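With PDB, C-alpha atoms inside, this is run_1.pdb:
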ATOM      1  CA  MET R  21      -1.797  -7.559  20.736
ATOM      2  CA  PHE R  22      -2.893  -6.479  17.247
ATOM      3  CA  PRO R  23      -0.465  -7.989  14.721
ATOM      4  CA  LEU R  24      -2.344  -6.815  11.631
ATOM      5  CA  PHE R  25      -4.033  -3.598  10.559
ATOM      6  CA  GLU R  26      -5.888  -1.850   7.751
ATOM      7  CA  THR R  27      -5.495   1.783   6.720
ATOM      8  CA  ILE R  28      -8.847   3.159   5.591
ATOM      9  CA  LYS R  29      -9.274   6.510   3.903
ATOM     10  CA  PHE R  30     -11.962   8.868   5.167
ATOM     11  CA  ALA R  31     -13.003  11.669   2.798
ATOM     12  CA  GLU R  32     -15.255  14.282   4.412
ATOM     13  CA  GLY R  33     -16.193  11.780   7.088
ATOM     14  CA  ILE R  34     -17.045   8.926   4.701
ATOM     15  CA  PRO R  35     -15.004   5.690   4.676
ATOM     16  CA  GLN R  36     -13.730   4.717   1.229
ATOM     17  CA  HIS R  37     -13.658   1.286  -0.465
ATOM     18  CA  LEU R  38     -14.486  -0.758   2.631
ATOM     19  CA  GLU R  39     -15.286  -3.837   0.551
ATOM     20  CA  TYR R  40     -11.640  -4.182  -0.499
ATOM     21  CA  HIS R  41     -10.418  -3.834   3.080
ATOM     22  CA  GLN R  42     -13.000  -6.415   4.161
ATOM     23  CA  ARG R  43     -11.794  -8.831   1.525
ATOM     24  CA  ARG R  44      -8.174  -8.529   2.639
ATOM     25  CA  LEU R  45      -9.095  -8.703   6.320
ATOM     26  CA  GLU R  46     -10.964 -11.973   5.775
ATOM     27  CA  TYR R  47      -8.157 -13.467   3.697
ATOM     28  CA  SER R  48      -5.475 -12.392   6.191
ATOM     29  CA  SER R  49      -7.459 -13.792   9.098
ATOM     30  CA  ARG R  50      -7.903 -17.198   7.484
ATOM     31  CA  ILE R  51      -4.235 -17.522   6.573
ATOM     32  CA  TYR R  52      -2.491 -15.683   9.425
ATOM     33  CA  PHE R  53      -4.764 -16.653  12.350
ATOM     34  CA  ASN R  54      -6.033 -19.873  10.756
ATOM     35  CA  LYS R  55      -9.607 -18.861  11.654
ATOM     36  CA  ASP R  56     -12.298 -16.389  10.732
ATOM     37  CA  VAL R  57     -12.536 -13.150  12.681
ATOM     38  CA  SER R  58     -15.178 -13.125  15.384
ATOM     39  CA  PHE R  59     -16.231  -9.487  15.022
ATOM     40  CA  ASP R  60     -18.713  -7.858  12.653
ATOM     41  CA  LYS R  61     -18.042  -6.661   9.095
ATOM     42  CA  LEU R  62     -16.155  -3.415   8.628
ATOM     43  CA  SER R  63     -19.207  -1.801   7.044
ATOM     44  CA  ASN R  64     -21.008  -2.250  10.361
ATOM     45  CA  ILE R  65     -18.046  -1.124  12.463
ATOM     46  CA  ILE R  66     -16.492   1.722  10.463
ATOM     47  CA  LYS R  67     -19.197   4.375  10.409
ATOM     48  CA  PRO R  68     -19.262   7.866   8.862
ATOM     49  CA  GLN R  69     -17.646  10.457  11.109
ATOM     50  CA  ASN R  70     -19.350  13.802  10.439
ATOM     51  CA  GLU R  71     -16.770  15.747  12.432
ATOM     52  CA  LEU R  72     -13.880  14.642  10.201
ATOM     53  CA  ASN R  73     -13.466  17.379   7.592
ATOM     54  CA  GLY R  74     -11.020  16.785   4.770
ATOM     55  CA  ILE R  75      -8.941  13.613   4.440
ATOM     56  CA  TYR R  76      -8.363  11.397   7.482
ATOM     57  CA  LYS R  77      -6.584   8.106   7.988
ATOM     58  CA  CYS R  78      -8.431   5.455   9.958
ATOM     59  CA  LYS R  79      -6.181   2.788  11.425
ATOM     60  CA  PHE R  80      -8.042  -0.453  12.110
ATOM     61  CA  GLU R  81      -5.806  -2.755  14.170
ATOM     62  CA  TYR R  82      -6.988  -6.291  14.787
ATOM     63  CA  ASN R  83      -6.455  -9.860  15.840
ATOM     64  CA  SER R  84      -8.892 -12.745  15.421
ATOM     65  CA  GLU R  85     -10.976 -11.707  18.431
ATOM     66  CA  SER R  86     -10.885  -7.932  18.786
ATOM     67  CA  PHE R  87      -9.915  -4.642  17.197
ATOM     68  CA  LYS R  88      -8.932  -1.052  17.867
ATOM     69  CA  ILE R  89      -9.811   2.017  15.795
ATOM     70  CA  SER R  90      -8.002   5.361  15.666
ATOM     71  CA  TYR R  91      -8.212   8.417  13.411
ATOM     72  CA  ALA R  92      -5.603  10.963  12.364
ATOM     73  CA  ALA R  93      -5.566  13.829   9.901
ATOM     74  CA  TYR R  94      -3.766  12.660   6.777
ATOM     75  CA  LYS R  95      -0.459  14.297   5.945
ATOM     76  CA  PRO R  96       0.993  12.794   2.767
ATOM     77  CA  LYS R  97       4.690  12.098   2.753
ATOM     78  CA  THR R  98       6.651  14.381   0.431
ATOM     79  CA  ILE R  99       8.505  12.208  -2.066
ATOM     80  CA  GLN R 100      10.810  13.690  -4.671
ATOM     81  CA  ASN R 101      13.190  10.793  -5.204
ATOM     82  CA  LEU R 102      13.370   7.058  -4.634
ATOM     83  CA  LYS R 103      16.310   4.750  -3.970
ATOM     84  CA  LEU R 104      16.588   1.210  -5.294
ATOM     85  CA  VAL R 105      17.281  -1.139  -2.381
ATOM     86  CA  HIS R 106      18.021  -4.863  -2.645
ATOM     87  CA  GLU R 107      16.554  -7.054   0.091
ATOM     88  CA  ASP R 108      15.869 -10.707  -0.674
ATOM     89  CA  SER R 109      14.889 -11.702   2.853
ATOM     90  CA  ILE R 110      12.037  -9.260   3.395
ATOM     91  CA  ASN R 111       8.519 -10.588   3.989
ATOM     92  CA  TYR R 112       5.511  -8.278   4.172
ATOM     93  CA  SER R 113       2.841 -10.558   2.722
ATOM     94  CA  PHE R 114       0.326  -9.341   5.318
ATOM     95  CA  LYS R 115      -0.241  -5.783   6.519
ATOM     96  CA  TYR R 116       1.807  -6.308   9.659
ATOM     97  CA  SER R 117       1.800  -3.817  12.506
ATOM     98  CA  ASN R 118       5.482  -4.636  12.946
ATOM     99  CA  ARG R 119       7.247  -2.622  10.242
ATOM    100  CA  PHE R 120      10.743  -2.983  11.682
ATOM    101  CA  HIS R 121      12.312  -4.466   8.532
ATOM    102  CA  LEU R 122      10.831  -1.745   6.298
ATOM    103  CA  ASN R 123      11.836   1.031   8.672
ATOM    104  CA  THR R 124      15.378  -0.320   8.918
ATOM    105  CA  LEU R 125      15.736  -0.155   5.136
ATOM    106  CA  LEU R 126      14.456   3.427   5.132
ATOM    107  CA  GLU R 127      16.940   4.499   7.775
ATOM    108  CA  LYS R 128      19.838   3.501   5.528
ATOM    109  CA  ILE R 129      19.063   5.921   2.706
ATOM    110  CA  ALA R 130      19.306   9.675   2.189
ATOM    111  CA  GLU R 131      16.495   9.729  -0.385
ATOM    112  CA  ASP R 132      12.812  10.212   0.446
ATOM    113  CA  GLU R 133      11.634   6.656  -0.177
ATOM    114  CA  ILE R 134      12.796   3.205  -1.270
ATOM    115  CA  ILE R 135      11.897   0.833  -4.063
ATOM    116  CA  ILE R 136      12.530  -2.675  -2.794
ATOM    117  CA  ILE R 137      14.030  -5.224  -5.169
ATOM    118  CA  LYS R 138      13.578  -8.824  -4.062
ATOM    119  CA  ASN R 139      15.277 -11.632  -5.984
ATOM    120  CA  GLY R 140      15.768  -9.288  -8.917
ATOM    121  CA  PHE R 141      12.129  -8.226  -9.164
ATOM    122  CA  ILE R 142      10.539  -4.861  -8.405
ATOM    123  CA  THR R 143       8.151  -5.044  -5.449
ATOM    124  CA  ASP R 144       6.940  -1.997  -3.457
ATOM    125  CA  THR R 145       8.029   1.088  -1.573
ATOM    126  CA  SER R 146       7.861   1.081   2.229
ATOM    127  CA  ILE R 147       4.378   2.638   2.127
ATOM    128  CA  SER R 148       2.838   1.740  -1.197
ATOM    129  CA  ASN R 149       2.541  -0.374  -4.277
ATOM    130  CA  LEU R 150       4.004   0.965  -7.504
ATOM    131  CA  CYS R 151       2.805   1.737 -11.030
ATOM    132  CA  PHE R 152       4.946   2.513 -14.055
ATOM    133  CA  PHE R 153       3.940   4.325 -17.253
ATOM    134  CA  ASP R 154       5.452   3.195 -20.547
ATOM    135  CA  GLY R 155       3.957   5.962 -22.687
ATOM    136  CA  VAL R 156       0.766   4.031 -23.396
ATOM    137  CA  LYS R 157      -0.366   2.191 -20.291
ATOM    138  CA  TRP R 158       0.181   2.001 -16.540
ATOM    139  CA  VAL R 159       1.530  -1.310 -15.232
ATOM    140  CA  THR R 160       2.159  -2.612 -11.732
ATOM    141  CA  PRO R 161       4.704  -5.254 -10.708
ATOM    142  CA  SER R 162       3.292  -8.774 -10.495
ATOM    143  CA  THR R 163       5.620  -9.373  -7.523
ATOM    144  CA  PRO R 164       4.428  -6.971  -4.792
ATOM    145  CA  LEU R 165       5.346  -7.574  -1.175
ATOM    146  CA  LEU R 166       1.756  -6.780  -0.232
ATOM    147  CA  LYS R 167      -1.315  -6.845  -2.451
ATOM    148  CA  GLY R 168      -2.690  -3.434  -1.558
ATOM    149  CA  THR R 169      -6.389  -2.647  -1.659
ATOM    150  CA  ALA R 170      -5.950   0.229  -4.126
ATOM    151  CA  ARG R 171      -3.816  -2.013  -6.345
ATOM    152  CA  GLU R 172      -6.480  -4.743  -6.349
ATOM    153  CA  ARG R 173      -9.252  -2.255  -7.129
ATOM    154  CA  LEU R 174      -7.334  -0.605  -9.970
ATOM    155  CA  ILE R 175      -6.483  -3.986 -11.506
ATOM    156  CA  GLU R 176     -10.152  -5.023 -11.363
ATOM    157  CA  GLN R 177     -11.147  -1.720 -12.976
ATOM    158  CA  LYS R 178      -8.486  -2.264 -15.686
ATOM    159  CA  VAL R 179      -6.857   1.069 -14.873
ATOM    160  CA  ILE R 180      -3.552  -0.758 -14.393
ATOM    161  CA  ILE R 181      -2.316  -4.174 -15.482
ATOM    162  CA  GLU R 182       0.079  -6.584 -13.810
ATOM    163  CA  MET R 183       3.447  -7.200 -15.395
ATOM    164  CA  GLU R 184       6.664  -8.884 -14.330
ATOM    165  CA  ILE R 185       9.152  -6.055 -13.858
ATOM    166  CA  ARG R 186      12.818  -6.732 -13.198
ATOM    167  CA  GLU R 187      15.352  -4.206 -11.989
ATOM    168  CA  ASP R 188      16.770  -3.833 -15.498
ATOM    169  CA  ASP R 189      13.329  -2.930 -16.856
ATOM    170  CA  ILE R 190      12.787   0.217 -14.797
ATOM    171  CA  PHE R 191      14.436   2.765 -17.018
ATOM    172  CA  ARG R 192      12.432   1.863 -20.106
ATOM    173  CA  PHE R 193       9.453   3.466 -18.383
ATOM    174  CA  GLN R 194       8.692   7.183 -18.366
ATOM    175  CA  LYS R 195       6.980   7.683 -15.011
ATOM    176  CA  VAL R 196       6.491   6.028 -11.644
ATOM    177  CA  MET R 197       3.541   6.440  -9.289
ATOM    178  CA  LEU R 198       2.960   5.380  -5.695
ATOM    179  CA  ILE R 199      -0.495   3.978  -4.940
ATOM    180  CA  ASN R 200      -2.135   2.962  -1.684
ATOM    181  CA  ALA R 201      -5.480   3.344   0.067
ATOM    182  CA  MET R 202      -4.722   6.961   0.954
ATOM    183  CA  LEU R 203      -3.068   8.076  -2.278
ATOM    184  CA  GLY R 204      -5.317   6.397  -4.811
ATOM    185  CA  PHE R 205      -4.448   6.838  -8.492
ATOM    186  CA  ASP R 206      -3.448  10.368  -9.470
ATOM    187  CA  GLU R 207      -1.304  10.860 -12.569
ATOM    188  CA  LYS R 208      -0.553  14.447 -11.521
ATOM    189  CA  LYS R 209       1.387  13.030  -8.578
ATOM    190  CA  SER R 210       3.522  10.686 -10.657
ATOM    191  CA  LEU R 211       7.270  11.199 -10.792
ATOM    192  CA  ALA R 212       9.688  11.137 -13.714
ATOM    193  CA  ILE R 213      11.572   7.865 -13.880
ATOM    194  CA  SER R 214      14.789   9.885 -13.513
ATOM    195  CA  THR R 215      13.892  10.483  -9.846
ATOM    196  CA  ILE R 216      14.829   6.847  -9.158
ATOM    197  CA  ILE R 217      18.374   6.559  -7.825
ATOM    198  CA  VAL R 218      20.287   3.359  -8.490
TER     199      VAL R 218
END
Hey, can you dump this file as C-alpha cells for me?
Amino acid sequence: MFPLFETIKFAEGIPQHLEYHQRRLEYSSRIYFNKDVSFDKLSNIIKPQNELNGIYKCKFEYNSESFKISYAAYKPKTIQNLKLVHEDSINYSFKYSNRFHLNTLLEKIAEDEIIIIKNGFITDTSISNLCFFDGVKWVTPSTPLLKGTARERLIEQKVIIEMEIREDDIFRFQKVMLINAMLGFDEKKSLAISTIIV
C-alpha cells in the first residue's frame, strides 16, 4: 500500500532537515509514481511532538495519494565490523519499503553490517551511505544505491565530497563512517578501516 518511505529524525520533539526529505519525496514521486503527490508538504504534515524526549525516528510511508506516520524511540545499531559483499543485481534507487534484497544479504554474514559492492564499485551499507577518510578529507562514493538526505546535505555543505571508489581503493583510507538521516556526521563514531572484512 505504501511502497516508499522517509525516515525523519526528531530531536527533542523537533523534526530535522525536512527540506531534504521533501526534495527526495517529490523526486521519487515524479519518477516512481509518474505523478506529483496529492498531499501537503512535509513541513505542514510533520509537526513538532512535544512529548518526544530525546531522539525519535519518524517513519513517513507514502504512495501518490496518501501517507502513514509512525514514531519510535531511536536505538542505533551497534556496528563494530563490516563485511564486503558483492551484489551486481541489487537495486535500491528509491527508499523502498520492501527491503527483502538488503535483508537477505545481511542474513548471510556473521559481521554486524555489510558494504555492498556493485559492478566493482563501493555503494552503501544496508542502512546508510558511507564516507571514507584519507587523512585529509572525507569522501563518499559517487555510486551509492540510494542518494540519502544526509549525504546530499553534507555534499552541499562541502563537508564531504563525491569520489569514485572501487573495491581496491578501500584500504588506502584510514577510517569509514556510516551516515544517514538518524546518524548524521559524527567523526567520533567512525571506524578504523581495519574493521572492514574482505
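Of the residues listed (R:Ser49, R:Ser63, R:Asn149, R:Asn101), R:Asn149 shows the shortest atom-to-atom separation from Gly204 (chain R); distances use only C-alpha atoms.
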Would you please work out which residue, of R:Gln69, R:Asn123, R:Ser109, R:Gln36, is nearest to Ile137 (chain R) when using only C-alpha atoms?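 Looking at the shortest contact to Ile137 (chain R), the residue is R:Ser109.
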Quick check, in Å to one decimal: how far apart do CA of Lys115 (chain R) and CA of Tyr40 (chain R) lie? 13.5 Å
Using all atoms listed in the file: which of R:Ser48, R:Asn64, R:Thr145, R:Gln100 has the shortest distance to Ser210 (chain R):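 Closest to Ser210 (chain R) of all the choices is R:Gln100.
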Expected selection from the PyMOL selection byres ((chain R and resi 28) around 6), given as a PyMOL selection string: chain R and resi 27+29+77-78
